file protein-v3.tsv (TSV, C-alpha atoms and all ligand atoms)
chain	number	residue	atom	x	y	z
A	22	MET	CA	14.42	-5.82	-23.88
A	23	ILE	CA	14.92	-4.12	-20.47
A	24	ALA	CA	13.05	-0.81	-20.31
A	25	LYS	CA	15.09	2.42	-19.97
A	26	ARG	CA	16.15	3.05	-16.38
A	27	PRO	CA	14.96	6.26	-14.72
A	28	LEU	CA	17.39	8.54	-12.84
A	29	MET	CA	15.39	8.51	-9.60
A	30	ARG	CA	13.66	5.64	-7.98
A	31	PHE	CA	10.47	7.59	-7.15
A	32	PRO	CA	8.71	10.26	-9.21
A	33	PHE	CA	10.62	13.45	-8.29
A	34	ARG	CA	7.68	15.83	-7.75
A	35	GLN	CA	5.85	13.32	-5.57
A	36	THR	CA	8.92	12.85	-3.38
A	37	ILE	CA	9.38	16.61	-2.93
A	38	SER	CA	5.71	17.16	-2.10
A	39	ILE	CA	5.72	14.47	0.60
A	40	ALA	CA	9.06	15.65	2.04
A	41	ARG	CA	7.73	19.22	2.28
A	42	TYR	CA	4.58	18.04	4.07
A	43	ILE	CA	6.61	16.06	6.65
A	44	SER	CA	8.90	19.01	7.20
A	45	ARG	CA	5.89	21.35	7.72
A	46	GLN	CA	4.33	18.99	10.28
A	47	LYS	CA	7.62	18.63	12.13
A	48	ARG	CA	8.20	22.39	12.18
A	49	ALA	CA	4.68	22.80	13.58
A	50	LYS	CA	5.70	20.22	16.24
A	51	LYS	CA	2.68	18.02	15.51
A	52	ALA	CA	2.97	14.83	17.53
A	53	ARG	CA	0.84	12.75	15.16
A	54	PHE	CA	-0.07	13.29	11.52
A	55	PRO	CA	-0.99	10.89	8.71
A	56	LEU	CA	1.16	10.37	5.64
A	57	VAL	CA	-1.34	8.27	3.73
A	58	LEU	CA	-5.12	8.21	3.61
A	59	MET	CA	-6.37	4.75	2.70
A	60	LEU	CA	-9.65	5.71	1.08
A	61	GLU	CA	-12.07	2.84	0.52
A	62	PRO	CA	-15.01	4.19	-1.49
A	63	LEU	CA	-16.47	0.68	-1.66
A	64	HIS	CA	-15.69	-2.85	-0.51
A	65	ALA	CA	-17.28	-4.65	-3.45
A	66	CYS	CA	-14.72	-6.55	-5.50
A	67	ASN	CA	-14.53	-8.66	-8.64
A	68	LEU	CA	-12.15	-11.14	-6.95
A	69	THR	CA	-12.26	-13.18	-3.72
A	70	CYS	CA	-8.58	-13.40	-2.71
A	71	SER	CA	-7.61	-15.99	-0.09
A	72	GLY	CA	-5.85	-13.53	2.24
A	73	CYS	CA	-8.29	-10.59	2.01
A	74	GLY	CA	-9.80	-9.41	5.29
A	75	ARG	CA	-12.06	-6.74	3.75
A	76	ILE	CA	-14.53	-8.96	1.90
A	77	ARG	CA	-15.04	-10.85	5.18
A	78	GLU	CA	-15.02	-8.06	7.77
A	79	TYR	CA	-17.34	-5.80	5.76
A	80	SER	CA	-19.58	-8.54	4.32
A	81	ASP	CA	-22.68	-6.75	5.72
A	82	SER	CA	-21.97	-3.53	3.79
A	83	MET	CA	-20.55	-4.86	0.53
A	84	SER	CA	-23.24	-3.27	-1.59
A	85	LYS	CA	-22.80	0.19	-0.05
A	86	MET	CA	-20.59	2.98	-1.34
A	87	VAL	CA	-19.20	6.17	0.17
A	88	LEU	CA	-20.65	9.25	-1.52
A	89	LEU	CA	-18.18	11.20	-3.63
A	90	ALA	CA	-18.70	14.27	-1.43
A	91	ASP	CA	-17.87	12.24	1.70
A	92	CYS	CA	-14.73	10.81	0.08
A	93	LEU	CA	-13.53	14.34	-0.69
A	94	LYS	CA	-14.46	15.55	2.78
A	95	ALA	CA	-12.25	12.80	4.21
A	96	VAL	CA	-9.37	13.89	1.93
A	97	ASP	CA	-9.76	17.51	3.09
A	98	GLU	CA	-10.23	16.63	6.77
A	99	CYS	CA	-7.10	14.54	7.19
A	100	GLY	CA	-4.70	16.44	4.91
A	101	ALA	CA	-2.45	13.45	4.17
A	102	PRO	CA	-0.19	14.16	1.17
A	103	VAL	CA	-0.85	10.69	-0.30
A	104	VAL	CA	-4.27	9.21	-0.97
A	105	SER	CA	-4.37	5.52	-1.68
A	106	ILE	CA	-7.73	4.74	-3.28
A	107	CYS	CA	-8.38	1.14	-2.44
A	108	GLY	CA	-11.28	-1.09	-1.47
A	109	GLY	CA	-12.70	-3.48	-2.68
A	110	GLU	CA	-11.89	-2.77	-6.30
A	111	PRO	CA	-11.93	1.01	-6.75
A	112	LEU	CA	-12.28	0.78	-10.54
A	113	LEU	CA	-15.83	-0.49	-9.86
A	114	TYR	CA	-16.68	2.80	-8.09
A	115	PRO	CA	-18.99	4.64	-10.51
A	116	GLU	CA	-17.37	8.03	-9.79
A	117	ILE	CA	-13.75	6.90	-9.79
A	118	GLU	CA	-12.79	9.31	-12.58
A	119	LYS	CA	-14.17	12.35	-10.74
A	120	LEU	CA	-12.82	11.16	-7.38
A	121	THR	CA	-9.31	10.78	-8.79
A	122	SER	CA	-9.28	14.11	-10.61
A	123	GLU	CA	-10.66	15.98	-7.58
A	124	ILE	CA	-7.95	14.56	-5.33
A	125	LEU	CA	-5.26	15.42	-7.88
A	126	ASN	CA	-6.70	18.94	-8.12
A	127	ARG	CA	-6.08	19.23	-4.37
A	128	GLY	CA	-2.37	18.63	-4.96
A	129	ARG	CA	-2.29	15.17	-3.40
A	130	VAL	CA	-0.40	12.15	-4.68
A	131	VAL	CA	-2.83	9.40	-5.72
A	132	TYR	CA	-2.20	5.67	-5.74
A	133	LEU	CA	-5.12	3.91	-7.38
A	134	CYS	CA	-4.84	0.36	-6.01
A	135	THR	CA	-6.38	-2.17	-8.34
A	136	ASN	CA	-6.38	-5.89	-8.96
A	137	GLY	CA	-6.00	-5.00	-12.65
A	138	GLN	CA	-8.95	-7.07	-13.90
A	139	VAL	CA	-10.69	-4.13	-15.59
A	140	LEU	CA	-7.71	-1.77	-15.77
A	141	GLU	CA	-7.25	-1.91	-19.53
A	142	LYS	CA	-10.99	-1.38	-20.06
A	143	LYS	CA	-11.12	1.64	-17.73
A	144	LEU	CA	-7.86	3.34	-18.77
A	145	SER	CA	-9.62	5.88	-20.96
A	146	LEU	CA	-11.17	7.40	-17.79
A	147	PHE	CA	-7.74	8.67	-16.67
A	148	LYS	CA	-4.89	10.81	-17.91
A	149	PRO	CA	-1.24	10.55	-16.87
A	150	HIS	CA	-0.42	13.13	-14.21
A	151	PRO	CA	2.83	13.76	-12.25
A	152	PHE	CA	1.03	12.87	-9.00
A	153	PHE	CA	-0.93	9.87	-10.28
A	154	ASN	CA	0.10	6.20	-9.94
A	155	PHE	CA	-1.65	2.93	-10.62
A	156	ASN	CA	-0.75	0.31	-8.02
A	157	VAL	CA	-1.54	-3.16	-9.34
A	158	HIS	CA	-1.82	-6.11	-6.98
A	159	ILE	CA	0.26	-9.07	-8.20
A	160	ASP	CA	1.05	-11.83	-5.73
A	161	GLY	CA	3.24	-14.14	-7.79
A	162	LEU	CA	3.79	-15.58	-11.23
A	163	GLN	CA	0.79	-16.78	-13.20
A	164	ARG	CA	-0.12	-20.01	-11.40
A	165	THR	CA	0.48	-18.71	-7.86
A	166	HIS	CA	-1.31	-15.42	-8.45
A	167	ASP	CA	-4.34	-17.14	-9.99
A	168	ILE	CA	-4.57	-19.54	-7.02
A	169	ILE	CA	-4.29	-16.73	-4.43
A	170	VAL	CA	-6.94	-14.56	-6.09
A	171	GLU	CA	-9.01	-17.64	-6.87
A	172	LYS	CA	-9.47	-16.84	-10.55
A	173	GLU	CA	-7.86	-18.43	-13.55
A	174	GLY	CA	-6.55	-15.86	-15.99
A	175	ALA	CA	-6.34	-13.09	-13.37
A	176	PHE	CA	-2.55	-12.75	-13.71
A	177	ALA	CA	-2.75	-12.38	-17.49
A	178	LYS	CA	-5.47	-9.74	-17.15
A	179	ALA	CA	-3.50	-7.78	-14.52
A	180	ILE	CA	-0.29	-7.88	-16.58
A	181	GLY	CA	-2.28	-6.84	-19.65
A	182	GLY	CA	-3.57	-3.84	-17.67
A	183	VAL	CA	-0.05	-2.96	-16.48
A	184	LYS	CA	1.35	-3.05	-20.03
A	185	ALA	CA	-1.54	-0.99	-21.42
A	186	ALA	CA	-1.14	1.64	-18.68
A	187	LEU	CA	2.63	1.86	-19.22
A	188	ALA	CA	2.12	2.19	-22.97
A	189	LYS	CA	-0.14	5.18	-22.35
A	190	GLY	CA	2.49	6.89	-20.17
A	191	PHE	CA	1.04	6.22	-16.70
A	192	THR	CA	3.26	5.63	-13.68
A	193	VAL	CA	2.62	2.04	-12.61
A	194	CYS	CA	3.83	0.20	-9.56
A	195	THR	CA	2.90	-3.23	-8.29
A	196	ASN	CA	2.19	-4.54	-4.83
A	197	THR	CA	3.08	-8.10	-3.88
A	198	THR	CA	1.91	-9.68	-0.64
A	199	VAL	CA	4.13	-12.49	0.63
A	200	TYR	CA	2.34	-15.44	2.25
A	201	LYS	CA	3.54	-18.66	3.86
A	202	GLN	CA	3.28	-20.52	0.56
A	203	THR	CA	5.17	-17.81	-1.38
A	204	SER	CA	8.48	-19.02	-2.74
A	205	PRO	CA	11.32	-16.47	-2.45
A	206	SER	CA	12.79	-17.60	-5.76
A	207	GLU	CA	9.42	-17.01	-7.41
A	208	VAL	CA	9.29	-13.47	-5.94
A	209	ARG	CA	12.75	-12.83	-7.38
A	210	GLN	CA	11.58	-14.13	-10.77
A	211	LEU	CA	8.50	-11.92	-10.52
A	212	ILE	CA	10.67	-8.87	-9.76
A	213	GLY	CA	12.74	-9.70	-12.86
A	214	GLU	CA	9.63	-10.08	-15.01
A	215	LEU	CA	8.04	-6.84	-13.76
A	216	THR	CA	11.33	-4.99	-14.32
A	217	ARG	CA	11.50	-6.36	-17.85
A	218	ILE	CA	7.96	-5.14	-18.54
A	219	GLY	CA	9.05	-1.69	-17.31
A	220	VAL	CA	6.99	-1.06	-14.16
A	221	ASN	CA	8.14	2.04	-12.30
A	222	GLY	CA	8.10	0.48	-8.84
A	223	ILE	CA	7.61	-2.79	-6.98
A	224	LEU	CA	6.25	-2.86	-3.42
A	225	LEU	CA	6.59	-5.90	-1.18
A	226	SER	CA	4.93	-6.69	2.13
A	227	PRO	CA	4.14	-9.74	4.22
A	228	GLY	CA	0.42	-10.47	4.52
A	229	TYR	CA	-1.46	-9.54	7.67
A	230	CYS	CA	-2.92	-12.35	9.72
A	231	TYR	CA	-6.62	-11.35	9.52
A	232	GLU	CA	-8.67	-13.14	12.18
A	233	ASP	CA	-11.66	-13.22	9.82
A	234	VAL	CA	-9.79	-15.32	7.25
A	235	ASP	CA	-10.67	-18.99	7.86
A	236	ASP	CA	-7.43	-20.41	6.47
A	237	GLN	CA	-4.84	-19.02	8.91
A	238	SER	CA	-2.18	-21.33	7.44
A	239	VAL	CA	-1.44	-18.76	4.69
A	240	PHE	CA	-0.02	-16.21	7.14
A	241	LEU	CA	3.57	-15.92	8.35
A	242	THR	CA	4.93	-15.56	11.88
A	243	ARG	CA	7.64	-12.93	12.53
A	244	GLU	CA	10.43	-15.52	12.34
A	245	GLU	CA	9.06	-16.88	9.08
A	246	ILE	CA	8.88	-13.34	7.67
A	247	PHE	CA	12.58	-12.81	8.52
A	248	GLU	CA	13.54	-16.02	6.77
A	249	LYS	CA	11.42	-15.35	3.70
A	250	PHE	CA	12.67	-11.78	3.19
A	251	ARG	CA	16.32	-12.67	3.74
A	252	ALA	CA	15.93	-15.19	0.94
A	253	ILE	CA	14.05	-12.73	-1.29
A	254	ARG	CA	16.87	-10.19	-0.87
A	255	GLU	CA	19.65	-12.67	-1.64
A	256	THR	CA	20.09	-11.41	-5.18
A	257	GLY	CA	20.02	-7.74	-4.18
A	258	ASN	CA	17.22	-5.22	-3.88
A	259	GLY	CA	16.60	-4.57	-7.56
A	260	LYS	CA	16.49	-1.13	-9.10
A	261	ARG	CA	12.71	-0.97	-9.33
A	262	ILE	CA	11.94	-1.90	-5.71
A	263	TRP	CA	10.03	0.88	-3.98
A	264	SER	CA	9.94	-0.78	-0.56
A	265	THR	CA	12.69	1.07	1.32
A	266	PRO	CA	15.93	-0.73	2.26
A	267	LEU	CA	15.29	0.17	5.91
A	268	TYR	CA	11.86	-1.48	5.81
A	269	LEU	CA	13.38	-4.52	4.07
A	270	ASP	CA	16.03	-4.65	6.83
A	271	PHE	CA	13.17	-4.72	9.32
A	272	LEU	CA	11.45	-7.52	7.38
A	273	SER	CA	14.73	-9.43	7.39
A	274	GLY	CA	15.11	-9.13	11.17
A	275	LEU	CA	18.07	-6.74	10.91
A	276	ARG	CA	16.48	-3.82	12.76
A	277	GLU	CA	13.51	-3.04	14.96
A	278	TYR	CA	10.78	-0.48	14.32
A	279	ASP	CA	7.68	0.50	16.26
A	280	CYS	CA	4.44	0.70	14.38
A	281	THR	CA	2.96	4.09	13.44
A	282	PRO	CA	-0.75	3.21	13.22
A	283	TRP	CA	-1.78	6.85	12.60
A	284	GLY	CA	0.66	7.09	9.67
A	285	ASN	CA	-1.87	5.39	7.36
A	286	VAL	CA	-5.43	6.26	8.32
A	287	THR	CA	-8.44	4.56	6.76
A	288	TYR	CA	-11.82	5.97	5.78
A	289	ASN	CA	-14.66	3.81	4.50
A	290	ILE	CA	-18.44	3.36	4.53
A	291	LYS	CA	-18.44	3.02	8.34
A	292	GLY	CA	-16.30	6.11	8.96
A	293	TRP	CA	-12.71	6.52	10.23
A	294	LYS	CA	-11.48	3.02	11.04
A	295	ALA	CA	-9.59	2.66	14.31
A	296	PRO	CA	-6.82	2.02	15.03
A	297	CYS	CA	-5.34	1.08	11.65
A	298	TYR	CA	-5.84	-0.30	8.18
A	299	LEU	CA	-5.64	-3.86	9.48
A	300	ILE	CA	-7.47	-4.17	12.79
A	301	THR	CA	-10.77	-2.64	13.82
A	302	ASP	CA	-11.81	-1.62	17.30
A	303	GLY	CA	-14.39	0.86	16.04
A	304	HIS	CA	-15.14	3.63	13.57
A	305	TYR	CA	-15.25	7.37	14.21
A	306	ARG	CA	-17.43	9.96	12.50
A	307	THR	CA	-14.66	12.53	12.00
A	308	PHE	CA	-10.90	12.50	11.52
A	309	GLY	CA	-10.52	14.76	14.56
A	310	GLU	CA	-12.36	12.25	16.75
A	311	LEU	CA	-10.18	9.42	15.45
A	312	MET	CA	-6.94	11.23	16.25
A	313	LYS	CA	-8.14	12.43	19.64
A	314	ASN	CA	-9.90	9.34	20.98
A	315	VAL	CA	-7.77	6.38	19.93
A	316	GLU	CA	-5.30	5.30	22.61
A	317	TRP	CA	-2.48	4.98	20.06
A	318	GLU	CA	0.08	3.78	22.59
A	319	ARG	CA	-1.98	0.60	23.11
A	320	TYR	CA	-1.11	-0.68	19.61
A	321	GLY	CA	1.95	-2.26	18.05
A	322	PRO	CA	3.97	-5.45	18.51
A	323	LYS	CA	4.27	-6.53	22.17
A	324	LYS	CA	1.27	-4.32	23.06
A	325	ASP	CA	-1.69	-6.01	21.38
A	326	ARG	CA	-1.88	-9.70	20.49
A	327	ARG	CA	-3.28	-8.85	17.03
A	328	CYS	CA	-0.10	-6.87	16.30
A	329	GLU	CA	2.26	-9.67	17.30
A	330	ASN	CA	3.15	-10.86	13.79
A	331	CYS	CA	2.29	-7.67	11.94
A	332	MET	CA	5.09	-6.20	9.80
A	333	VAL	CA	2.86	-4.78	7.08
A	334	HIS	CA	4.02	-1.69	5.18
A	335	SER	CA	0.96	0.36	6.16
A	336	GLY	CA	2.13	0.27	9.79
A	337	PHE	CA	5.90	0.38	9.43
A	338	GLU	CA	6.91	2.26	6.23
A	339	ALA	CA	5.42	5.35	7.91
A	340	THR	CA	7.84	4.81	10.81
A	341	VAL	CA	10.72	4.61	8.33
A	342	ALA	CA	9.61	7.86	6.64
A	343	LEU	CA	9.26	9.66	9.96
A	344	THR	CA	12.47	8.48	11.63
A	345	THR	CA	15.03	8.32	8.82
A	346	GLY	CA	16.07	11.96	9.40
A	347	ASP	CA	17.01	11.09	13.01
A	348	SER	CA	20.11	9.19	11.84
A	349	LEU	CA	22.64	10.67	9.39
A	350	LYS	CA	23.71	7.17	8.37
A	351	ASP	CA	20.13	6.16	7.53
A	352	ALA	CA	19.45	9.46	5.78
A	353	LEU	CA	22.53	9.04	3.55
A	354	ARG	CA	21.66	5.45	2.80
A	355	MET	CA	18.13	6.44	1.80
A	356	ALA	CA	19.41	9.34	-0.34
A	357	ARG	CA	21.84	7.01	-2.16
A	358	TRP	CA	19.09	4.46	-2.67
A	359	THR	CA	16.63	7.05	-4.00
A	360	LEU	CA	19.12	8.31	-6.59
A	361	LEU	CA	19.69	5.47	-8.99
A	401	LIG	S1	1.23	-3.44	14.34
A	401	LIG	FE1	-0.01	-3.74	12.49
A	401	LIG	S2	-2.03	-4.41	13.25
A	401	LIG	FE2	-0.94	-3.46	14.98
A	401	LIG	S3	-1.57	-1.32	14.95
A	401	LIG	FE3	0.32	-1.47	13.76
A	401	LIG	S4	-0.37	-1.71	11.64
A	401	LIG	FE4	-2.12	-2.18	12.99

call {"tool": "encode", "arguments": {"input": "protein-v3.tsv", "output": "structure tokens"}}
result
Amino acid sequence: MIAKRPLMRFPFRQTISIARYISRQKRAKKARFPLVLMLEPLHACNLTCSGCGRIREYSDSMSKMVLLADCLKAVDECGAPVVSICGGEPLLYPEIEKLTSEILNRGRVVYLCTNGQVLEKKLSLFKPHPFFNFNVHIDGLQRTHDIIVEKEGAFAKAIGGVKAALAKGFTVCTNTTVYKQTSPSEVRQLIGELTRIGVNGILLSPGYCYEDVDDQSVFLTREEIFEKFRAIRETGNGKRIWSTPLYLDFLSGLREYDCTPWGNVTYNIKGWKAPCYLITDGHYRTFGELMKNVEWERYGPKKDRRCENCMVHSGFEATVALTTGDSLKDALRMARWTLL
């Protein structure tokens, strides 16, 4: 049975809170401000996914964790309205319950990004909250997902976690990374399956071509991304898709966007990662130093070779959010899409 359809695509209060924040920053004429803090309290993980850059880049600090107080200091310092708690596997962080509740107490939207392996077991640590979302990583149907994350049974565990969280009234979205081997028809089937289960949202993104990953054959070039996403969209966008139609146009080669590397800032055991979630040219001690010292204009496609094939949502959905109001046509399209 198809789960009951909501009236709005995104949780209403979260949307209003983020819109108000953007409007405040624009009124204050701030040139650069983050929308999302990617908070990585640890890099340890219970999976070893083929396309993951973190477990390779941070292999020398896998056993270390960011102190709870430092995580909260990062949240306060940067002021982003959305905090994406990621990693590593954040459900392995011993103080995940306290970290989540403290961020929610600060009025921020939380996405707890998990591979879902221990989600069902850890659910009792959390309570549904209008600003709280689980974001479960699912890269394909059972066989494909298990191959990508290199663990048999991982898909079943993740889906079990999703169902358990939905049954307890949590908002749950999923995040699917599209690789070279990903079949568009399988992604469409996956969207159908996740919709049937009743997930609130489905996020899609091409994988980033991490230099530290030995098997570069899994990553897509720009042209291949266009082809893949055109095929994925053939049967329509789907009512549960949370990736914006403007971003999906970009992924299909139908429009151009510049990257906004400061839109999603990352804090982890080494400090504020520069310039973005995906590439690392250094770490800064404070958020202020990050914003002031990075030469932001040096990054983005056609500016840095590492950005050449990057179309990942952390760099480009921020651009969509920040530029949609510049065009009435885009603003109306987004408004229509948001209201189901
Ligand atoms: S294009 Fe991608 S890799 Fe380059 S700065 Fe932007 S998000 Fe980072």

call {"tool": "residues_near_point", "arguments": {"input": "protein-v3.tsv", "point": "(-15.8, 5.9, -0.7)", "cutoff": "6 Å", "atoms": "all atoms listed in the file", "output": "PyMOL selection string"}}
result
chain A and resi 61-63+86-88+92+289

call {"tool": "closest_atom_pairs", "arguments": {"input": "protein-v3.tsv", "of": "chain A", "to": "ligand LIG 401 (chain A)", "cutoff": "9 Å", "atoms": "all atoms listed in the file", "output": "CSV"}}
result
residue,atom,partner,partner_atom,distance
A:Tyr229,CA,A:LIG401,S2,7.6
A:Cys230,CA,A:LIG401,S2,8.7
A:Asp279,CA,A:LIG401,S1,7.8
A:Cys280,CA,A:LIG401,FE3,4.7
A:Thr281,CA,A:LIG401,FE3,6.2
A:Pro282,CA,A:LIG401,FE3,4.8
A:Trp283,CA,A:LIG401,S3,8.5
A:Asn285,CA,A:LIG401,S4,8.4
A:Ala295,CA,A:LIG401,S3,9.0
A:Pro296,CA,A:LIG401,S3,6.2
A:Cys297,CA,A:LIG401,FE4,4.8
A:Tyr298,CA,A:LIG401,FE4,6.4
A:Leu299,CA,A:LIG401,FE4,5.2
A:Ile300,CA,A:LIG401,S2,5.5
A:Thr301,CA,A:LIG401,FE4,8.7
A:Trp317,CA,A:LIG401,S3,8.2
A:Arg319,CA,A:LIG401,S3,8.4
A:Tyr320,CA,A:LIG401,S3,4.7
A:Gly321,CA,A:LIG401,S1,4.0
A:Pro322,CA,A:LIG401,S1,5.4
A:Lys323,CA,A:LIG401,S1,8.9
A:Lys324,CA,A:LIG401,FE2,8.4
A:Asp325,CA,A:LIG401,FE2,6.9
A:Arg326,CA,A:LIG401,FE2,8.4
A:Arg327,CA,A:LIG401,S2,6.0
A:Cys328,CA,A:LIG401,FE2,3.8
A:Glu329,CA,A:LIG401,S1,7.0
A:Asn330,CA,A:LIG401,S1,7.7
A:Cys331,CA,A:LIG401,FE1,4.6
A:Met332,CA,A:LIG401,FE1,6.3
A:Val333,CA,A:LIG401,FE1,6.2
A:His334,CA,A:LIG401,S4,7.8
A:Ser335,CA,A:LIG401,S4,6.0
A:Gly336,CA,A:LIG401,S4,3.7
A:Phe337,CA,A:LIG401,S4,7.0

call {"tool": "write_last_selection", "arguments": {"input": "protein-v3.tsv", "atoms": "C-alpha atoms", "output": "PDB file, keeping the file's coordinate frame"}}
result
ATOM      1  CA  TYR A 229      -1.460  -9.540   7.670  1.00  0.00           C
ATOM      2  CA  CYS A 230      -2.920 -12.350   9.720  1.00  0.00           C
ATOM      3  CA  ASP A 279       7.680   0.500  16.260  1.00  0.00           C
ATOM      4  CA  CYS A 280       4.440   0.700  14.380  1.00  0.00           C
ATOM      5  CA  THR A 281       2.960   4.090  13.440  1.00  0.00           C
ATOM      6  CA  PRO A 282      -0.750   3.210  13.220  1.00  0.00           C
ATOM      7  CA  TRP A 283      -1.780   6.850  12.600  1.00  0.00           C
ATOM      8  CA  ASN A 285      -1.870   5.390   7.360  1.00  0.00           C
ATOM      9  CA  ALA A 295      -9.590   2.660  14.310  1.00  0.00           C
ATOM     10  CA  PRO A 296      -6.820   2.020  15.030  1.00  0.00           C
ATOM     11  CA  CYS A 297      -5.340   1.080  11.650  1.00  0.00           C
ATOM     12  CA  TYR A 298      -5.840  -0.300   8.180  1.00  0.00           C
ATOM     13  CA  LEU A 299      -5.640  -3.860   9.480  1.00  0.00           C
ATOM     14  CA  ILE A 300      -7.470  -4.170  12.790  1.00  0.00           C
ATOM     15  CA  THR A 301     -10.770  -2.640  13.820  1.00  0.00           C
ATOM     16  CA  TRP A 317      -2.480   4.980  20.060  1.00  0.00           C
ATOM     17  CA  ARG A 319      -1.980   0.600  23.110  1.00  0.00           C
ATOM     18  CA  TYR A 320      -1.110  -0.680  19.610  1.00  0.00           C
ATOM     19  CA  GLY A 321       1.950  -2.260  18.050  1.00  0.00           C
ATOM     20  CA  PRO A 322       3.970  -5.450  18.510  1.00  0.00           C
ATOM     21  CA  LYS A 323       4.270  -6.530  22.170  1.00  0.00           C
ATOM     22  CA  LYS A 324       1.270  -4.320  23.060  1.00  0.00           C
ATOM     23  CA  ASP A 325      -1.690  -6.010  21.380  1.00  0.00           C
ATOM     24  CA  ARG A 326      -1.880  -9.700  20.490  1.00  0.00           C
ATOM     25  CA  ARG A 327      -3.280  -8.850  17.030  1.00  0.00           C
ATOM     26  CA  CYS A 328      -0.100  -6.870  16.300  1.00  0.00           C
ATOM     27  CA  GLU A 329       2.260  -9.670  17.300  1.00  0.00           C
ATOM     28  CA  ASN A 330       3.150 -10.860  13.790  1.00  0.00           C
ATOM     29  CA  CYS A 331       2.290  -7.670  11.940  1.00  0.00           C
ATOM     30  CA  MET A 332       5.090  -6.200   9.800  1.00  0.00           C
ATOM     31  CA  VAL A 333       2.860  -4.780   7.080  1.00  0.00           C
ATOM     32  CA  HIS A 334       4.020  -1.690   5.180  1.00  0.00           C
ATOM     33  CA  SER A 335       0.960   0.360   6.160  1.00  0.00           C
ATOM     34  CA  GLY A 336       2.130   0.270   9.790  1.00  0.00           C
ATOM     35  CA  PHE A 337       5.900   0.380   9.430  1.00  0.00           C
TER      36      PHE A 337
END

call {"tool": "residues_near_point", "arguments": {"input": "protein-v3.tsv", "point": "(5.2, -18.1, 2.2)", "cutoff": "9 Å", "atoms": "only C-alpha atoms", "output": "MDAnalysis selection string"}}
result
chainID A and resid 199:205 227 239:241 245:246 249

call {"tool": "residues_around", "arguments": {"input": "protein-v3.tsv", "residues": "segment 269-274 of chain A", "least_positions_apart": "3", "cutoff": "6 Å", "atoms": "all atoms listed in the file", "output": "PDB file with C-alpha atoms, in the coordinates of the input"}}
result
ATOM      1  CA  PHE A 247      12.580 -12.810   8.520  1.00  0.00           C
ATOM      2  CA  PHE A 250      12.670 -11.780   3.190  1.00  0.00           C
ATOM      3  CA  ARG A 251      16.320 -12.670   3.740  1.00  0.00           C
ATOM      4  CA  PRO A 266      15.930  -0.730   2.260  1.00  0.00           C
ATOM      5  CA  GLU A 277      13.510  -3.040  14.960  1.00  0.00           C
TER       6      GLU A 277
END

call {"tool": "closest_residue", "arguments": {"input": "protein-v3.tsv", "among": "A:Gly128, A:Pro151, A:Gly219, A:Gly174", "to": "Asp97 of chain A", "atoms": "all atoms listed in the file"}}
result
A:Gly128

call {"tool": "closest_residue", "arguments": {"input": "protein-v3.tsv", "among": "A:Pro32, A:Gly181, A:Gly137, A:Gly74", "to": "Phe153 of chain A", "atoms": "only C-alpha atoms"}}
result
A:Pro32

call {"tool": "residues_around", "arguments": {"input": "protein-v3.tsv", "residues": "Ile212 of chain A", "least_positions_apart": "5", "cutoff": "10 Å", "atoms": "all atoms listed in the file", "output": "MDAnalysis selection string"}}
result
chainID A and resid 161:162 195 197 206:207 217:218 220 222:225 253 258:262

call {"tool": "atom_distance", "arguments": {"input": "protein-v3.tsv", "atom1": "atom CA of Thr192 of chain A", "atom2": "atom CA of Leu211 of chain A"}}
result
18.6 Å

call {"tool": "residues_around", "arguments": {"input": "protein-v3.tsv", "residues": "Lys294 of chain A", "least_positions_apart": "6", "cutoff": "10 Å", "atoms": "only C-alpha atoms", "output": "list in words"}}
result
Met59, Val286, Thr287, Tyr288, Ile300, Thr301, Asp302, Gly303, His304, Tyr305, Arg306, Phe308 and Leu311 of chain A

call {"tool": "atom_distance", "arguments": {"input": "protein-v3.tsv", "atom1": "atom CA of Ile117 of chain A", "atom2": "atom CA of Ser264 of chain A"}}
result
26.6 Å

call {"tool": "atom_distance", "arguments": {"input": "protein-v3.tsv", "atom1": "atom CA of Lys172 of chain A", "atom2": "atom CA of Lys85 of chain A"}}
result
24.0 Å

call {"tool": "residues_around", "arguments": {"input": "protein-v3.tsv", "residues": "Asp233 of chain A", "least_positions_apart": "2", "cutoff": "7 Å", "atoms": "all atoms listed in the file", "output": "PyMOL selection string"}}
result
chain A and resi 74+77-78+231+235

call {"tool": "residues_around", "arguments": {"input": "protein-v3.tsv", "residues": "Phe191 of chain A", "least_positions_apart": "2", "cutoff": "7 Å", "atoms": "all atoms listed in the file", "output": "PyMOL selection string"}}
result
chain A and resi 149+154+186-187+189+193

call {"tool": "write_last_selection", "arguments": {"input": "protein-v3.tsv", "atoms": "C-alpha atoms", "output": "PDB file, in the frame of the given file"}}
result
ATOM      1  CA  PRO A 149      -1.240  10.550 -16.870  1.00  0.00           C
ATOM      2  CA  ASN A 154       0.100   6.200  -9.940  1.00  0.00           C
ATOM      3  CA  ALA A 186      -1.140   1.640 -18.680  1.00  0.00           C
ATOM      4  CA  LEU A 187       2.630   1.860 -19.220  1.00  0.00           C
ATOM      5  CA  LYS A 189      -0.140   5.180 -22.350  1.00  0.00           C
ATOM      6  CA  VAL A 193       2.620   2.040 -12.610  1.00  0.00           C
TER       7      VAL A 193
END

call {"tool": "closest_residue", "arguments": {"input": "protein-v3.tsv", "among": "A:Arg45, A:Arg53, A:His64, A:Lys184", "to": "Leu144 of chain A", "atoms": "all atoms listed in the file"}}
result
A:Lys184

call {"tool": "closest_residue", "arguments": {"input": "protein-v3.tsv", "among": "A:Leu120, A:Ala356, A:Val131, A:Cys70", "to": "Ile159 of chain A", "atoms": "all atoms listed in the file"}}
result
A:Cys70
